[in-house]
Each structure stands twice: as structure tokens, then as C-alpha cells.
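Dropping my_file-v8.txt in here (compact mmCIF, C-alpha atoms):
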# COMPACT_ATOMS: atom_id res chain seq x y z
CA MET H 1 0.00 0.00 0.00
CA LYS H 2 1.48 3.33 -1.05
CA ILE H 3 1.85 6.16 1.47
CA LYS H 4 -0.58 8.92 0.56
CA VAL H 5 1.08 12.32 0.67
CA ALA H 6 0.07 15.95 0.19
CA ILE H 7 2.50 18.72 -0.80
CA ILE H 8 1.53 22.13 0.58
CA GLY H 9 3.48 24.83 -1.24
CA PHE H 10 4.50 24.20 -4.85
CA GLY H 11 7.39 26.59 -5.25
CA ARG H 12 10.97 25.49 -5.88
CA MET H 13 11.17 23.00 -3.00
CA GLY H 14 7.66 21.65 -3.54
CA ARG H 15 8.64 20.73 -7.09
CA PHE H 16 11.79 18.98 -5.86
CA TYR H 17 9.63 16.87 -3.55
CA LEU H 18 7.23 15.97 -6.35
CA GLN H 19 10.08 14.81 -8.60
CA GLU H 20 11.39 12.43 -5.93
CA PHE H 21 7.96 11.16 -4.87
CA GLN H 22 7.21 10.36 -8.52
CA LYS H 23 10.42 8.31 -8.77
CA SER H 24 9.52 6.29 -5.67
CA ALA H 25 7.22 3.26 -5.73
CA ARG H 26 6.32 3.88 -2.08
CA TYR H 27 4.33 7.12 -2.38
CA ASP H 28 1.18 8.45 -3.99
CA VAL H 29 0.93 12.26 -4.22
CA VAL H 30 -2.82 12.73 -3.81
CA TYR H 31 -2.85 16.51 -3.27
CA ILE H 32 -0.77 19.50 -4.31
CA CYS H 33 -1.82 22.75 -2.66
CA ASP H 34 -0.83 26.30 -3.54
CA ILE H 35 -2.63 29.65 -3.64
CA ASN H 36 -0.73 30.84 -6.73
CA GLU H 37 -2.60 30.04 -9.95
CA GLY H 38 0.63 29.73 -11.93
CA CYS H 39 1.92 27.14 -9.46
CA CYS H 40 -1.40 25.29 -9.64
CA LYS H 41 -1.26 25.26 -13.44
CA LEU H 42 2.25 23.81 -13.35
CA ALA H 43 1.19 21.23 -10.76
CA ARG H 44 -1.63 20.01 -13.03
CA GLU H 45 0.85 19.63 -15.87
CA LEU H 46 3.50 17.81 -13.83
CA SER H 47 1.18 15.60 -11.79
CA PRO H 48 -2.15 15.08 -13.57
CA SER H 49 -3.16 12.32 -11.16
CA SER H 50 -2.96 14.65 -8.13
CA LYS H 51 -5.82 16.84 -6.93
CA VAL H 52 -4.59 20.42 -7.22
CA ILE H 53 -6.24 22.66 -4.61
CA THR H 54 -5.89 26.11 -3.06
CA ASN H 55 -7.37 25.36 0.40
CA SER H 56 -5.05 23.29 2.59
CA ASP H 57 -7.87 22.47 5.02
CA VAL H 58 -8.98 19.84 2.50
CA VAL H 59 -5.68 18.01 3.05
CA PHE H 60 -5.98 17.93 6.83
CA ASP H 61 -9.64 16.88 6.73
CA ASP H 62 -8.92 13.89 4.46
CA PRO H 63 -8.27 10.85 6.71
CA ASN H 64 -6.54 9.04 3.83
CA VAL H 65 -3.63 11.51 3.79
CA GLN H 66 -0.86 10.06 5.94
CA LEU H 67 1.98 12.50 5.29
CA VAL H 68 2.03 16.25 4.70
CA VAL H 69 5.02 18.11 3.24
CA LEU H 70 5.10 21.73 4.41
CA SER H 71 7.04 23.67 1.79
CA ALA H 72 5.08 26.94 1.74
CA PHE H 73 6.16 30.07 3.64
CA ALA H 74 7.73 29.69 7.10
CA SER H 75 5.04 31.99 8.50
CA ASP H 76 2.41 29.33 7.68
CA ARG H 77 4.19 26.35 9.22
CA ARG H 78 3.31 26.68 12.91
CA ASP H 79 -0.45 26.62 12.26
CA ARG H 80 -0.14 23.76 9.77
CA ILE H 81 2.04 21.73 12.14
CA ALA H 82 -0.64 22.21 14.80
CA LEU H 83 -3.32 21.04 12.33
CA ALA H 84 -1.24 18.05 11.27
CA VAL H 85 -0.78 17.00 14.90
CA ALA H 86 -4.51 17.45 15.61
CA LYS H 87 -5.37 15.29 12.58
CA GLY H 88 -2.71 12.62 13.19
CA LYS H 89 -0.55 13.26 10.10
CA HIS H 90 3.15 12.54 9.69
CA ILE H 91 5.12 15.68 8.80
CA ILE H 92 8.08 16.69 6.66
CA ALA H 93 8.72 20.42 7.10
CA GLU H 94 11.11 22.69 5.32
CA LYS H 95 13.35 24.69 7.59
CA PRO H 96 12.89 26.80 9.59
CA ILE H 97 9.85 25.12 11.11
CA ALA H 98 8.29 28.54 11.83
CA ASP H 99 9.02 32.21 11.28
CA THR H 100 10.08 33.19 14.82
CA VAL H 101 12.13 31.56 17.56
CA GLU H 102 9.07 31.55 19.83
CA ALA H 103 6.89 29.87 17.18
CA GLU H 104 9.61 27.28 16.53
CA GLU H 105 9.76 26.45 20.23
CA ALA H 106 5.97 26.05 20.24
CA CYS H 107 6.28 23.57 17.35
CA VAL H 108 8.88 21.60 19.30
CA GLN H 109 6.64 21.46 22.36
CA MET H 110 3.49 20.44 20.47
CA THR H 111 5.29 17.52 18.80
CA GLU H 112 7.48 16.39 21.72
CA ASN H 113 5.13 13.58 22.78
CA TYR H 114 3.41 13.16 19.41
CA ASP H 115 3.11 9.63 18.02
CA GLY H 116 3.49 10.73 14.41
CA ILE H 117 6.84 10.94 12.62
CA CYS H 118 7.98 14.56 12.27
CA THR H 119 11.17 15.65 10.56
CA VAL H 120 12.81 18.64 8.87
CA ASN H 121 14.63 18.82 5.58
CA MET H 122 18.10 19.53 7.00
CA TYR H 123 19.48 18.08 3.80
CA LEU H 124 23.17 17.83 4.74
CA ARG H 125 22.36 15.05 7.21
CA ASN H 126 21.05 13.00 4.30
CA SER H 127 24.19 13.43 2.18
CA TRP H 128 26.46 10.45 1.59
CA TYR H 129 29.61 12.49 2.25
CA HIS H 130 28.64 13.74 5.71
CA SER H 131 27.39 10.27 6.65
CA GLU H 132 30.70 8.79 5.50
CA LEU H 133 32.71 11.40 7.38
CA LYS H 134 30.68 11.01 10.57
CA ASP H 135 31.34 7.26 10.52
CA ILE H 136 35.07 7.95 10.04
CA VAL H 137 35.09 10.28 13.04
CA ALA H 138 33.28 7.65 15.13
CA SER H 139 35.79 4.96 14.08
CA GLY H 140 38.68 6.75 15.78
CA GLU H 141 40.68 7.12 12.56
CA LEU H 142 41.23 10.80 13.32
CA GLY H 143 41.78 10.39 17.06
CA ASP H 144 39.65 12.74 19.17
CA LEU H 145 37.64 15.28 17.18
CA ALA H 146 39.08 18.71 17.94
CA ILE H 147 38.37 21.25 15.17
CA LEU H 148 35.52 21.69 12.66
CA ARG H 149 35.95 24.18 9.81
CA ILE H 150 33.00 24.66 7.46
CA CYS H 151 32.77 27.03 4.49
CA HIS H 152 29.99 27.57 1.95
CA MET H 153 30.30 30.58 -0.35
CA THR H 154 28.57 30.83 -3.72
CA PRO H 155 27.13 33.60 -5.91
CA GLY H 156 23.75 32.20 -4.81
CA LEU H 157 20.64 34.25 -4.15
CA ALA H 158 21.16 38.00 -4.05
CA PRO H 159 19.51 40.19 -1.39
CA GLY H 160 15.87 40.87 -2.14
CA GLU H 161 15.31 37.70 -4.17
CA GLY H 162 13.06 35.90 -1.74
CA HIS H 163 15.04 35.23 1.44
CA GLU H 164 13.16 37.78 3.52
CA SER H 165 10.61 35.28 4.82
CA GLU H 166 13.41 33.13 6.26
CA GLY H 167 15.88 35.86 7.17
CA PRO H 168 19.33 36.86 5.85
CA CYS H 169 21.38 34.16 4.16
CA PHE H 170 23.21 33.03 7.33
CA HIS H 171 19.83 32.04 8.73
CA ASP H 172 18.13 30.83 5.56
CA CYS H 173 21.12 28.85 4.28
CA GLY H 174 23.67 29.03 7.08
CA MET H 175 21.53 27.16 9.59
CA HIS H 176 22.25 23.98 7.58
CA TYR H 177 25.94 24.38 8.39
CA VAL H 178 25.20 25.29 12.00
CA ASP H 179 23.19 22.07 12.26
CA VAL H 180 25.80 19.83 10.68
CA ALA H 181 28.55 21.27 12.92
CA ARG H 182 26.46 20.46 16.00
CA TRP H 183 25.73 17.00 14.56
CA TYR H 184 29.43 16.21 14.20
CA ALA H 185 30.31 17.63 17.61
CA GLY H 186 27.55 15.74 19.42
CA SER H 187 27.37 18.66 21.82
CA GLU H 188 25.70 22.02 22.34
CA PHE H 189 27.19 25.39 21.44
CA LYS H 190 28.96 27.13 24.34
CA THR H 191 30.76 30.26 23.08
CA TYR H 192 30.71 32.20 19.81
CA HIS H 193 31.86 35.41 18.13
CA ALA H 194 30.41 36.50 14.78
CA GLN H 195 31.59 38.99 12.18
CA GLY H 196 29.51 40.06 9.23
CA ILE H 197 29.66 42.53 6.37
CA ARG H 198 26.90 44.42 4.58
CA MET H 199 27.87 43.77 0.98
CA TRP H 200 26.60 46.32 -1.57
CA ASP H 201 25.28 48.50 1.30
CA TYR H 202 22.33 46.14 1.77
CA LYS H 203 20.60 46.43 5.15
CA ASP H 204 21.52 42.87 6.29
CA PRO H 205 24.90 41.10 6.28
CA TRP H 206 25.15 38.82 3.25
CA TRP H 207 28.39 37.21 4.50
CA LEU H 208 29.06 36.05 8.03
CA GLN H 209 31.74 34.09 9.82
CA VAL H 210 31.36 32.71 13.33
CA HIS H 211 33.85 30.84 15.49
CA GLY H 212 33.53 29.39 18.97
CA THR H 213 33.38 26.29 21.12
CA PHE H 214 31.07 23.45 22.00
CA GLU H 215 30.43 22.34 25.58
CA ASN H 216 32.68 19.30 25.03
CA GLY H 217 35.62 21.51 24.02
CA ILE H 218 35.50 21.05 20.25
CA VAL H 219 36.13 24.34 18.43
CA PHE H 220 34.49 25.41 15.18
CA ASP H 221 34.33 28.09 12.55
CA ILE H 222 31.59 28.50 9.96
CA THR H 223 31.79 30.84 6.96
CA GLN H 224 28.74 31.40 4.77
CA GLY H 225 27.70 33.97 2.22
CA PHE H 226 26.20 34.44 -1.23
CA VAL H 227 28.88 36.93 -2.18
CA TYR H 228 31.37 34.82 -4.14
CA GLY H 229 31.85 36.56 -7.47
CA GLN H 230 28.31 37.64 -8.25
CA LEU H 231 29.40 39.52 -11.39
CA SER H 232 32.28 37.26 -12.38
CA LYS H 233 32.40 36.40 -16.07
CA ASP H 234 32.70 32.72 -15.12
CA GLN H 235 31.20 31.97 -11.75
CA THR H 236 32.59 29.55 -9.19
CA HIS H 237 32.13 28.71 -5.51
CA ASN H 238 34.02 27.56 -2.42
CA SER H 239 32.44 24.84 -0.30
CA TYR H 240 34.24 22.48 2.06
CA ILE H 241 34.51 20.94 5.51
CA ASP H 242 37.77 20.27 7.34
CA ILE H 243 37.60 17.83 10.23
CA ILE H 244 40.75 17.88 12.35
CA GLY H 245 41.40 15.32 15.03
CA THR H 246 44.25 14.73 17.46
CA LYS H 247 45.73 12.12 15.10
CA GLY H 248 44.36 12.61 11.58
CA ILE H 249 42.24 14.76 9.30
CA ALA H 250 39.37 14.50 6.83
CA HIS H 251 38.34 16.94 4.13
CA MET H 252 35.35 17.23 1.80
CA THR H 253 34.73 19.54 -1.12
CA HIS H 254 32.27 19.50 -4.03
CA ASP H 255 31.41 21.21 -7.29
CA PHE H 256 27.63 20.58 -7.03
CA GLN H 257 28.15 17.64 -9.39
CA THR H 258 30.72 15.46 -7.60
CA ALA H 259 31.66 15.38 -3.92
CA VAL H 260 35.19 14.38 -2.96
CA VAL H 261 36.19 13.03 0.46
CA ASP H 262 39.86 12.74 1.45
CA VAL H 263 40.89 11.07 4.69
CA ARG H 264 44.32 10.88 6.26
CA GLY H 265 43.67 8.55 9.16
CA VAL H 266 45.97 6.57 11.44
CA ASN H 267 45.26 3.34 9.56
CA GLU H 268 43.73 4.43 6.25
CA THR H 269 44.25 6.98 3.53
CA LEU H 270 41.04 7.34 1.52
CA HIS H 271 40.01 9.22 -1.59
CA ILE H 272 36.31 8.85 -2.43
CA GLU H 273 34.44 10.52 -5.30
CA LYS H 274 30.70 10.10 -5.85
CA PRO H 275 27.85 12.17 -7.33
CA PHE H 276 27.01 15.14 -5.12
CA GLY H 277 23.34 14.22 -4.61
CA GLY H 278 21.75 17.67 -4.56
CA LYS H 279 19.12 18.19 -1.85
CA ASN H 280 19.08 14.43 -1.06
CA ILE H 281 15.29 14.40 -0.91
CA ASP H 282 15.32 10.84 -2.24
CA VAL H 283 17.20 9.75 0.89
CA LEU H 284 14.91 11.79 3.15
CA ILE H 285 11.68 10.29 1.81
CA GLU H 286 13.11 6.76 1.83
CA ARG H 287 13.98 7.12 5.52
CA MET H 288 10.58 8.64 6.15
CA ALA H 289 8.81 5.75 4.40
CA ASN H 290 10.74 3.21 6.47
CA SER H 291 9.81 5.08 9.65
CA ILE H 292 6.11 5.31 8.76
CA GLU H 293 5.83 1.67 7.72
CA THR H 294 7.71 0.25 10.73
CA GLY H 295 6.52 2.76 13.29
CA VAL H 296 10.15 3.19 14.36
CA ARG H 297 11.71 6.59 13.69
CA ASP H 298 14.92 6.42 11.65
CA SER H 299 17.67 7.85 13.86
CA HIS H 300 19.12 9.78 10.90
CA LEU H 301 16.01 11.97 10.63
CA PRO H 302 16.55 15.42 12.17
CA THR H 303 14.01 16.41 14.81
CA PHE H 304 12.06 19.63 15.10
CA LYS H 305 14.27 20.40 18.10
CA ASP H 306 17.40 20.04 15.96
CA SER H 307 15.98 22.58 13.52
CA ALA H 308 14.89 24.99 16.25
CA ILE H 309 18.35 24.92 17.86
CA ALA H 310 20.10 25.57 14.54
CA SER H 311 17.67 28.37 13.70
CA LYS H 312 18.06 30.11 17.05
CA PHE H 313 21.86 29.87 16.93
CA ALA H 314 21.91 31.33 13.42
CA TRP H 315 19.78 34.25 14.62
CA ASP H 316 22.06 34.64 17.66
CA CYS H 317 25.08 34.87 15.34
CA LEU H 318 23.39 37.58 13.26
CA ASP H 319 22.56 39.48 16.45
CA ASP H 320 26.15 39.09 17.66
CA ALA H 321 27.56 40.37 14.35
CA ALA H 322 25.34 43.45 14.65
CA LYS H 323 27.03 44.28 17.98
CA HIS H 324 30.45 44.47 16.35
CA ASP H 325 31.71 46.64 13.51
CA LEU H 326 29.37 45.81 10.62
CA PRO H 327 30.95 47.55 7.64
CA ALA H 328 29.17 48.25 4.36
CA ILE H 329 31.23 47.71 1.21
CA GLY H 330 29.91 48.43 -2.28
CA ASN H 331 26.69 50.17 -3.29
CA LEU H 332 23.10 49.48 -4.24
CA GLU H 333 23.86 50.23 -7.90
CA THR H 334 26.13 47.18 -8.01
CA LEU H 335 23.42 45.13 -6.28
CA GLU H 336 20.95 46.16 -8.98
CA GLN H 337 23.44 45.03 -11.64
CA ILE H 338 23.64 41.67 -9.88
CA ARG H 339 19.86 41.35 -9.74
CA TYR H 340 19.51 42.28 -13.40
CA ARG H 341 22.12 39.73 -14.42
CA ARG H 342 20.49 37.00 -12.36
CA ARG H 343 17.05 37.70 -13.83
CA HIS H 344 18.49 36.93 -17.27
CA MET H 345 20.87 34.07 -16.45
CA THR H 346 20.16 30.59 -17.79
CA ASP H 347 23.14 28.87 -16.15
CA GLY H 348 24.43 29.69 -12.69
CA TYR H 349 23.90 29.34 -8.96
CA GLY H 350 20.53 29.48 -7.22
CA LEU H 351 18.71 30.59 -10.36
CA LEU H 352 15.27 32.11 -10.01
CA PRO H 353 12.31 30.32 -11.60
CA SER H 354 11.48 31.62 -15.05
CA ASN H 355 8.18 33.41 -15.58
CA SER H 356 6.74 30.24 -17.07
CA GLU H 357 7.63 28.34 -13.90
CA VAL H 358 6.30 31.12 -11.60
Could you express the structure from this file as C-alpha cells?
Amino acid sequence: MKIKVAIIGFGRMGRFYLQEFQKSARYDVVYICDINEGCCKLARELSPSSKVITNSDVVFDDPNVQLVVLSAFASDRRDRIALAVAKGKHIIAEKPIADTVEAEEACVQMTENYDGICTVNMYLRNSWYHSELKDIVASGELGDLAILRICHMTPGLAPGEGHESEGPCFHDCGMHYVDVARWYAGSEFKTYHAQGIRMWDYKDPWWLQVHGTFENGIVFDITQGFVYGQLSKDQTHNSYIDIIGTKGIAHMTHDFQTAVVDVRGVNETLHIEKPFGGKNIDVLIERMANSIETGVRDSHLPTFKDSAIASKFAWDCLDDAAKHDLPAIGNLETLEQIRYRRRHMTDGYGLLPSNSEV
């Protein structure tokens, strides 16, 4: 029997979910919900067997729907999580799970003793490379984990292109790297110091670096920003993790096509190359299906609490950066050039949907 699922929110992420559900033999997408007529039109074209609706109450009132995917605006998620819990649905939510720290904490509390399976698309936890590296750390090949260095800089989304509902880029994107650092450390954040910069004189920092410690003594630094050569003739990016132990090291980098893991351990020297895997939604929904069918939550699935902690820490880092010198470099004229270029790009990073895709 296929798991009956409804996708609420058919923007960029909603379409990614549909693609993976359609590849799986374990799911039946019975509803797609969006209030935008263009999105609804596209949904009818891409999934003619699904009921395309504009009122999400229909989803929650249908007892046949077992799983809801919440990929609409963050501001809508708290109320829909509450409805899903009231109606006994399993939940996959995009991050953040709500639009404020207080609302996120409410979502954690309302699902703490809930029998349904609830998870968040913290996609790095579903990647083969981080899973491989975490196993290597646990094996002792590197000795005791001491230092985590994480960097993710791309041209990416420019300010004003849709991040506002989920905050500046260190919150919207950076909380993934906050989460994966905490996942490796197996500990809670203790100290931190953040430095940001207001690129192009935009009101919010679009690049931020934070360093600090975990309660178990592991130190970290995280660098994230969508500032990496926005107007370069040929665009590139810089994304990696360095894991430094008392005896050995591990390193990962990728080009969004292939991920490369290098390990210099006490017993093994490894070089592994595999396809990058994108958002890894295929892995997420496979783990979710196993959890729903067995009634036993897959331990790899991030919890709502994991997401809320990462979200709050990302906001804390932005607040901390605002307390220090927060310089502005560049001007709004350059930012407008960037936006214009991105509106007309057909190949690049974090491209906006075309008008035909809404």
C-alpha cells in the first residue's frame, strides 16, 4: 500500500519533492496545494493524477492523507504543524519550522510527545559524504575530534530575491551548516563570536563568519555567504569541511556535481568521489517511508528540536555580528546590476524560476 502524501506549497522546494515522490514506488501524491494560480497550473501539468487545490484544510480533513510536506512560507508552518498533529498526520517540514524563535519552540513542544513521525529537511544530514565522514570520526581514525571548519560561499541568491521570509542568508542557508557542525560535535554550542559585512550596502549582512566552542571543548568556525563573485564572467564557488582530530584529518569539497572526500587517518588513507546528490530528498523520503511503515523513527532523521536549535543559533550569530563593527562595502547600484544579471541568467547558482515556472 502506497503512502498517501500531500504537498503544501508548490514553489521550488515543492517541485523537488514531487520529482522524488514520482520516482519512488512507495508514495502516492494525492494533493498538491498552492494559492498561486501559476503554481497550480504547473502542478496540473506535472502531476495530472494529483488533486490540485488552493485550500489546505482539505488536506488535513482527508483521513486518507498520511503525510504532509510543508514547503510553503515559514510563516504558515506553525499553524499547519498544529493542524497536522490534531489530525494525526506525519510531517516533513522545510526549515525553519516557523518564522520566529518563539513559534519554533511552540512547534517543538506540540510535537514532543506526538506519536506521528515529524522531521525537517536539514538536507546535509542525508548526504552520503557527511554520513561517510561522521562514521570515520566515530571509528577513531582521526583520534579525538578537535576542530571543525566549514565554508559555503557561492554567488547564490542575491539580497531581495526571496530570502526575507526566512531571514538573511546566514539564517536561511547558514543554519544547515550550524546544524551539521552540532551533529558532528555531538554537543551544544557554548561560546561564539560573529563577524559580518553588509555587501553592496544592503541592510543585512550577506556574508558572516562565526567561530567558537562546544560544551565538550570542540572548536568550530563557519563561513557562509552568497557573495562569491556575483558579477564574475565565469562563476565559481568555495564549499568544504575540514575535520581535524588529534591524530588525523578528513576533508570534503564538491562542485555541485561530484563530492570528494579525502581522509588521512591513522590506519587508512582514503580518496572517495561520488555524485554530489543535490538536496538528497530521495534519501529523506526513503527514511521517512521506512519510519512510517515500521513505526520506528529512523535515527538519521533530524528532529524539530534540531531545527529549532540551529535556527536560534543562526539568529544569535546575526545578532552578535550586529554588535560588532558591521561595515558596508559596495553600493546598491552594483546590487541592482547583480539582480539584473540574475534575472536573465540561464546557467548559474541558485537561479530564479522563469516566468513560465512562476
**OP:** Please determine the residues with any atom at most 8 Å from (-0.3, 23.7, -5.1) (coordinates as given in the file, with only C-alpha atoms counting) and report them as a list in words.
**Re:**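 So the residues meeting the distance criterion are Ile7, Ile8, Gly9, Phe10, Tyr31, Ile32, Cys33, Asp34, Ile35, Asn36, Cys39, Cys40, Ala43, Val52, Ile53 and Thr54 of chain H.
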**OP:** Using atom CA of H:Gln209 and atom CA of H:Phe16 as the two end points, give the distance in Å to one decimal.
**Re:**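 We find that atom CA of H:Gln209 and atom CA of H:Phe16 lie 29.5 Å from each other.
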Original post:
So which residues touch stretch 201-207 of chain H within 8 Å, counting all atoms listed in the file, skipping near sequence neighbours fewer than 2 positions away, as a list in words?
Top reply: Pro159, Pro168, Cys169, Phe170, Gly196, Ile197, Arg198, Met199, Gln209, Thr223, Gln224, Gly225, Phe226, Val227, Leu318, Leu326, Ala328, Ile329, Gly330, Asn331 and Leu332 of chain H
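Counting from atom CA of H:Thr111, the distance to atom CA of H:Asp99 is 16.9 Å.
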Per-residue nearest contacts of stretch 108-197 of chain H to stretch 81-94 of chain H (12 Å; only C-alpha atoms) as JSON lines:
{"residue": "H:Val108", "atom": "CA", "partner": "H:Ile81", "partner_atom": "CA", "distance": 9.9}
{"residue": "H:Gln109", "atom": "CA", "partner": "H:Ala82", "partner_atom": "CA", "distance": 10.5}
{"residue": "H:Met110", "atom": "CA", "partner": "H:Ala82", "partner_atom": "CA", "distance": 7.2}
{"residue": "H:Thr111", "atom": "CA", "partner": "H:Val85", "partner_atom": "CA", "distance": 7.2}
{"residue": "H:Glu112", "atom": "CA", "partner": "H:Val85", "partner_atom": "CA", "distance": 10.7}
{"residue": "H:Asn113", "atom": "CA", "partner": "H:Val85", "partner_atom": "CA", "distance": 10.4}
{"residue": "H:Tyr114", "atom": "CA", "partner": "H:Val85", "partner_atom": "CA", "distance": 7.3}
{"residue": "H:Asp115", "atom": "CA", "partner": "H:Gly88", "partner_atom": "CA", "distance": 8.1}
{"residue": "H:Gly116", "atom": "CA", "partner": "H:His90", "partner_atom": "CA", "distance": 5.1}
{"residue": "H:Ile117", "atom": "CA", "partner": "H:His90", "partner_atom": "CA", "distance": 5.0}
{"residue": "H:Cys118", "atom": "CA", "partner": "H:Ile91", "partner_atom": "CA", "distance": 4.6}
{"residue": "H:Thr119", "atom": "CA", "partner": "H:Ile92", "partner_atom": "CA", "distance": 5.1}
{"residue": "H:Val120", "atom": "CA", "partner": "H:Ala93", "partner_atom": "CA", "distance": 4.8}
{"residue": "H:Asn121", "atom": "CA", "partner": "H:Glu94", "partner_atom": "CA", "distance": 5.2}
{"residue": "H:Met122", "atom": "CA", "partner": "H:Glu94", "partner_atom": "CA", "distance": 7.9}
{"residue": "H:Tyr123", "atom": "CA", "partner": "H:Glu94", "partner_atom": "CA", "distance": 9.7}
{"residue": "H:Glu166", "atom": "CA", "partner": "H:Glu94", "partner_atom": "CA", "distance": 10.7}
{"residue": "H:Asp172", "atom": "CA", "partner": "H:Glu94", "partner_atom": "CA", "distance": 10.8}
{"residue": "H:Cys173", "atom": "CA", "partner": "H:Glu94", "partner_atom": "CA", "distance": 11.8}
{"residue": "H:His176", "atom": "CA", "partner": "H:Glu94", "partner_atom": "CA", "distance": 11.4}
Can you write just those residues out, C-alpha atoms, as a CSV table (one decimal), in the coordinates of the input?
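Contents of part.csv, as written:
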chain,number,residue,atom,x,y,z
H,108,VAL,CA,8.9,21.6,19.3
H,109,GLN,CA,6.6,21.5,22.4
H,110,MET,CA,3.5,20.4,20.5
H,111,THR,CA,5.3,17.5,18.8
H,112,GLU,CA,7.5,16.4,21.7
H,113,ASN,CA,5.1,13.6,22.8
H,114,TYR,CA,3.4,13.2,19.4
H,115,ASP,CA,3.1,9.6,18.0
H,116,GLY,CA,3.5,10.7,14.4
H,117,ILE,CA,6.8,10.9,12.6
H,118,CYS,CA,8.0,14.6,12.3
H,119,THR,CA,11.2,15.6,10.6
H,120,VAL,CA,12.8,18.6,8.9
H,121,ASN,CA,14.6,18.8,5.6
H,122,MET,CA,18.1,19.5,7.0
H,123,TYR,CA,19.5,18.1,3.8
H,166,GLU,CA,13.4,33.1,6.3
H,172,ASP,CA,18.1,30.8,5.6
H,173,CYS,CA,21.1,28.8,4.3
H,176,HIS,CA,22.2,24.0,7.6
**OP:** Find the residues around H:Glu268 up to 12 Å (only C-alpha atoms counted), leave out those fewer than 3 positions away in its own chain, and share them as a ChimeraX atom specification.
**Re:** /H:136,139-142,247-250,262-265,271
Subject >> Polymer residues at most 10 Å from H:Glu102, all atoms listed in the file, same-chain spacing of 4 or more positions, as a list in words >> reply: Ala98, Ala106, Cys107, Val108, Ala308 and Lys312 of chain H
**OP:** Quick one: everything within 12 Å of H:Arg182, counting only C-alpha atoms, minus sequence neighbours fewer than 4 positions away in the same chain. Send it as a ChimeraX atom specification.
**Re:** /H:125,134,147-150,175-178,186-190,212-216,218-222,302,306-307,309-310,313
Original post:
Could you pull the residues within 6 Å of H:Gln257, counting all atoms listed in the file, minus those fewer than 2 positions along the same chain, as a PyMOL selection string?
Top reply: chain H and resi 255+275-276
Need the axis-aligned box for stretch 91-108 of chain H with 8 Å each side, so what are the centre and edges in Å to one decimal, as AutoDock Vina command-line options?
--center_x 9.2 --center_y 24.4 --center_z 12.8 --size_x 24.2 --size_y 33.5 --size_z 30.9
